[in-house]
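What follows is one structure encoded as structure tokens, with my remarks underneath.
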Amino acid sequence: MTDNSVAIVTGAAQGLGAAITRALLRQGYKVCVTDVQETKGKSFVQELQKEFGPGAVIFSLCDVTKEEDLKRTFDLTVGTFKTVNLLVNNAGIVWEQNPRKTIDVNLMGPIFGCQLALKYMGKTNGGKGGVVINIASTGGFLPAAALPCYHASKHAIIGLTRSYGLPYHLERDGVLFGAVCPHFIDTDILRNPKTLVEGLDVVTNNQSMMSPDYVAQGVLKILEDRISGGTLVVSKEKGYQYIGTQKELDDFTCTVKPL
Ligand SMILES: NC(=O)c1ccc[n+]([C@@H]2O[C@H](COP(=O)([O-])OP(=O)(O)OC[C@H]3O[C@@H](n4cnc5c(N)ncnc54)[C@H](O)[C@@H]3O)[C@@H](O)[C@H]2O)c1
């Protein structure tokens, strides 16, 4: 946390993104709340402005599948708060019947976000460094018969985070990358009638759901621990736990450097 800590949180009109926004505001961050849901996002921001002050939080209508929306959001944030030093790539969907949309939102969104974060925060581009936290899932490590596309997208986020989290990017640009990988959270993502997966309600009803506030603490933990490339699993059973796969694959370390 600096005197001028400024965050962008995607998909923050509800659910985990809203909880992360509140957690950051409580820490003294200024936050740009972004979402595709304009009415809900704006009324959430009005509520937050009453609680944290009118200058603490703004809204940006942003579809993470559109790079230009994300760029406009970075510009608005820097224009309003003078800087940006944290991006939380949180927006996500479960929509097995629409694999392309699933990949667009869950993977292309964070890819655009990581690239823009390096552009706006990276020291090689005149920035002061910062942090990017991707919201993955335990689905980033585990298979699921009912959710192959969702789990593929979340596995990809682990690879994205761990690749950007290698020392190269931190040393070069001062930008640290981490991922929060929650197990089941009590949000609407699995309740959307349009995207519901048959049988999944049976599975989720048997799971012990976490509150979004509990999972949001994982973002604060990454900010405190500052382990670049760290993938923090959050579960009701085991709390907050970094899980890595590098140890088992030490012999296969990929040392390819960017051009
Ligand atoms: N709920 C869970 O069990 C669970 C578990 C692990 C990980 N996650 C991840 O947590 C993140 C937040 O999900 P949630 O559980 O709060 O669900 P949610 O459905 O309550 O919230 C998702 C938010 O993302 C927004 N969104 C959807 N498409 C978007 C787009 N194209 N651009 C911008 N915003 C968009 C939605 O409008 C919504 O506000 C997701 O990445 C999800 O995959 C959720």
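Lettering and numbering for the structure tokens are positional, with chains as A, B, ... in the shown order, residues counted from 1 in each chain, and ligands counted from 1 in the shown order.
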
Selection near region 126-130 of chain A, 9 Å with only C-alpha atoms, sequence-local residues under 6 positions removed, as a list in words = Thr83, Val84, Asn85, Leu86, Leu87, Ala117, Leu118, Lys119, Tyr120, Leu170, Asp173, Gly174, Val175, Leu176 and Phe177 of chain A

Output N, CA, C and O atoms for every residue in the selection just made, as a PDB file, in the first residue's frame.
ATOM      1  N   THR A  83      -2.853   7.905 -11.172  1.00  0.00           N
ATOM      2  CA  THR A  83      -1.996   6.718 -11.305  1.00  0.00           C
ATOM      3  C   THR A  83      -2.840   5.453 -11.254  1.00  0.00           C
ATOM      4  O   THR A  83      -4.047   5.521 -10.990  1.00  0.00           O
ATOM      5  N   VAL A  84      -2.202   4.329 -11.514  1.00  0.00           N
ATOM      6  CA  VAL A  84      -2.854   3.026 -11.273  1.00  0.00           C
ATOM      7  C   VAL A  84      -1.746   2.049 -10.908  1.00  0.00           C
ATOM      8  O   VAL A  84      -0.696   2.026 -11.530  1.00  0.00           O
ATOM      9  N   ASN A  85      -1.951   1.284  -9.843  1.00  0.00           N
ATOM     10  CA  ASN A  85      -0.909   0.333  -9.458  1.00  0.00           C
ATOM     11  C   ASN A  85      -1.412  -1.067  -9.113  1.00  0.00           C
ATOM     12  O   ASN A  85      -0.649  -1.904  -8.662  1.00  0.00           O
ATOM     13  N   LEU A  86      -2.700  -1.307  -9.327  1.00  0.00           N
ATOM     14  CA  LEU A  86      -3.223  -2.669  -9.118  1.00  0.00           C
ATOM     15  C   LEU A  86      -4.346  -2.941 -10.115  1.00  0.00           C
ATOM     16  O   LEU A  86      -5.254  -2.124 -10.279  1.00  0.00           O
ATOM     17  N   LEU A  87      -4.264  -4.093 -10.771  1.00  0.00           N
ATOM     18  CA  LEU A  87      -5.365  -4.566 -11.619  1.00  0.00           C
ATOM     19  C   LEU A  87      -5.813  -5.922 -11.089  1.00  0.00           C
ATOM     20  O   LEU A  87      -4.980  -6.821 -10.904  1.00  0.00           O
ATOM     21  N   ALA A 117      -1.610  -3.696 -18.261  1.00  0.00           N
ATOM     22  CA  ALA A 117      -0.989  -3.378 -16.965  1.00  0.00           C
ATOM     23  C   ALA A 117       0.508  -3.115 -17.164  1.00  0.00           C
ATOM     24  O   ALA A 117       1.063  -2.164 -16.602  1.00  0.00           O
ATOM     25  N   LEU A 118       1.148  -3.947 -17.995  1.00  0.00           N
ATOM     26  CA  LEU A 118       2.579  -3.725 -18.259  1.00  0.00           C
ATOM     27  C   LEU A 118       2.793  -2.391 -18.971  1.00  0.00           C
ATOM     28  O   LEU A 118       3.751  -1.678 -18.710  1.00  0.00           O
ATOM     29  N   LYS A 119       1.856  -2.061 -19.844  1.00  0.00           N
ATOM     30  CA  LYS A 119       1.974  -0.803 -20.596  1.00  0.00           C
ATOM     31  C   LYS A 119       1.798   0.420 -19.662  1.00  0.00           C
ATOM     32  O   LYS A 119       2.532   1.392 -19.761  1.00  0.00           O
ATOM     33  N   TYR A 120       0.818   0.343 -18.775  1.00  0.00           N
ATOM     34  CA  TYR A 120       0.502   1.498 -17.919  1.00  0.00           C
ATOM     35  C   TYR A 120       1.326   1.532 -16.632  1.00  0.00           C
ATOM     36  O   TYR A 120       1.526   2.603 -16.069  1.00  0.00           O
ATOM     37  N   LEU A 170       9.156  -9.046 -13.343  1.00  0.00           N
ATOM     38  CA  LEU A 170       9.267  -8.245 -12.116  1.00  0.00           C
ATOM     39  C   LEU A 170      10.544  -7.405 -12.161  1.00  0.00           C
ATOM     40  O   LEU A 170      10.521  -6.206 -11.859  1.00  0.00           O
ATOM     41  N   ASP A 173      10.067  -4.789 -15.266  1.00  0.00           N
ATOM     42  CA  ASP A 173       8.981  -3.800 -15.245  1.00  0.00           C
ATOM     43  C   ASP A 173       8.454  -3.459 -13.852  1.00  0.00           C
ATOM     44  O   ASP A 173       7.619  -2.562 -13.711  1.00  0.00           O
ATOM     45  N   GLY A 174       8.897  -4.211 -12.844  1.00  0.00           N
ATOM     46  CA  GLY A 174       8.407  -3.937 -11.485  1.00  0.00           C
ATOM     47  C   GLY A 174       6.941  -4.293 -11.310  1.00  0.00           C
ATOM     48  O   GLY A 174       6.277  -3.796 -10.397  1.00  0.00           O
ATOM     49  N   VAL A 175       6.425  -5.149 -12.184  1.00  0.00           N
ATOM     50  CA  VAL A 175       5.021  -5.564 -12.051  1.00  0.00           C
ATOM     51  C   VAL A 175       4.982  -7.019 -11.561  1.00  0.00           C
ATOM     52  O   VAL A 175       5.590  -7.903 -12.176  1.00  0.00           O
ATOM     53  N   LEU A 176       4.287  -7.221 -10.451  1.00  0.00           N
ATOM     54  CA  LEU A 176       4.177  -8.551  -9.833  1.00  0.00           C
ATOM     55  C   LEU A 176       2.834  -9.173 -10.222  1.00  0.00           C
ATOM     56  O   LEU A 176       1.810  -8.481 -10.218  1.00  0.00           O
ATOM     57  N   PHE A 177       2.859 -10.443 -10.566  1.00  0.00           N
ATOM     58  CA  PHE A 177       1.633 -11.144 -10.989  1.00  0.00           C
ATOM     59  C   PHE A 177       1.326 -12.282 -10.022  1.00  0.00           C
ATOM     60  O   PHE A 177       2.224 -13.059  -9.675  1.00  0.00           O
TER      61      PHE A 177
END

request  = Please identify every polymer residue within 6 Å of ligand 1, using only C-alpha atoms and all ligand atoms, and present the set as a ChimeraX atom specification.
outcome  = /A:10-17,35-37,62-65,90-93,105,135-137,182-189

Dump as a PDB file, in the first residue's frame, selection limited to C-alpha atoms:
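The resulting file, part-v1.pdb, is shown below:
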ATOM      1  CA  THR A  10     -13.131  -6.040 -13.453  1.00  0.00           C
ATOM      2  CA  GLY A  11     -16.548  -7.658 -13.116  1.00  0.00           C
ATOM      3  CA  ALA A  12     -17.010  -5.801  -9.848  1.00  0.00           C
ATOM      4  CA  ALA A  13     -20.731  -4.946  -9.860  1.00  0.00           C
ATOM      5  CA  GLN A  14     -21.515  -8.013  -7.756  1.00  0.00           C
ATOM      6  CA  GLY A  15     -20.134 -11.211  -6.247  1.00  0.00           C
ATOM      7  CA  LEU A  16     -16.422 -11.622  -5.610  1.00  0.00           C
ATOM      8  CA  GLY A  17     -15.452  -8.449  -7.519  1.00  0.00           C
ATOM      9  CA  ASP A  35     -18.453  -4.275 -15.327  1.00  0.00           C
ATOM     10  CA  VAL A  36     -20.697  -4.922 -18.336  1.00  0.00           C
ATOM     11  CA  GLN A  37     -23.701  -4.345 -16.047  1.00  0.00           C
ATOM     12  CA  CYS A  62     -16.090  -2.233 -19.539  1.00  0.00           C
ATOM     13  CA  ASP A  63     -16.475  -5.476 -21.432  1.00  0.00           C
ATOM     14  CA  VAL A  64     -13.211  -7.310 -20.796  1.00  0.00           C
ATOM     15  CA  THR A  65     -13.428  -9.062 -24.152  1.00  0.00           C
ATOM     16  CA  ASN A  90     -11.914 -10.844 -11.811  1.00  0.00           C
ATOM     17  CA  ALA A  91     -14.659 -10.873 -14.475  1.00  0.00           C
ATOM     18  CA  GLY A  92     -15.625 -14.420 -15.355  1.00  0.00           C
ATOM     19  CA  ILE A  93     -18.461 -16.597 -16.609  1.00  0.00           C
ATOM     20  CA  VAL A 105     -14.204 -13.475 -21.054  1.00  0.00           C
ATOM     21  CA  ILE A 135      -8.898 -14.602 -10.307  1.00  0.00           C
ATOM     22  CA  ALA A 136      -8.470 -18.217 -11.344  1.00  0.00           C
ATOM     23  CA  SER A 137     -10.121 -21.112  -9.491  1.00  0.00           C
ATOM     24  CA  PRO A 182     -10.918 -20.105  -4.959  1.00  0.00           C
ATOM     25  CA  HIS A 183     -13.013 -23.206  -4.449  1.00  0.00           C
ATOM     26  CA  PHE A 184     -16.821 -22.728  -4.507  1.00  0.00           C
ATOM     27  CA  ILE A 185     -18.038 -19.230  -3.566  1.00  0.00           C
ATOM     28  CA  ASP A 186     -21.599 -18.247  -2.775  1.00  0.00           C
ATOM     29  CA  THR A 187     -22.215 -16.000  -5.814  1.00  0.00           C
ATOM     30  CA  ASP A 188     -24.540 -15.912  -8.841  1.00  0.00           C
ATOM     31  CA  ILE A 189     -22.054 -17.391 -11.341  1.00  0.00           C
TER      32      ILE A 189
END

message = I'd like the interatomic distance between CA of Ile158 (chain A) and CA of Arg26 (chain A), to a tenth of an Å.
response = 27.9 Å

key: Filtered DSSP result for region 119-177 of chain A, state alpha helix (DSSP H), as a ChimeraX atom specification   = /A:119-121,148-164,167-173

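The gap separating CA of Cys114 (chain A) from CA of Leu232 (chain A) is 18.0 Å, in Å to one decimal.
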
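Across region 52-213 of chain A, DSSP run on the backbone finds strand (DSSP E or B) at Val57, Ile58, Phe59, Ser60, Leu61, Leu86, Leu87, Val88, Asn89, Gly130, Val131, Val132, Ile133, Asn134, Ile135, Val175, Leu176, Phe177, Gly178, Ala179, Val180, Cys181, Pro182, Ile185 and Met210 of chain A.
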
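Distance annotation: of A:Thr161, A:Ser235, A:Thr138, A:Ser228, the residue with the minimal separation from Met210 (chain A) is A:Ser235; atom set is only C-alpha atoms.
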
query = Looking at A:Leu76, A:Ala18, A:Ala156, A:Met121, which one is nearest to Ser43 (chain A), with distances taken over only C-alpha atoms?
reply = A:Ala18

Interatomic distance (Å, one decimal) between CA of Ser211 (chain A) and CA of Ile243 (chain A) = 21.1 Å

All residues 12 Å or closer to Gly140 (chain A), only C-alpha atoms, same chain fewer than 2 positions away omitted, as a ChimeraX atom specification = /A:106-107,134-138,142-144,147-162,179-183,231-233,243-245

request  = Skip Pro54 (chain A) itself and residues of its chain fewer than 5 positions away, then list as a PyMOL selection string all residues within 12 Å of it, counting only C-alpha atoms.
outcome  = chain A and resi 30-31+45-49+59+80
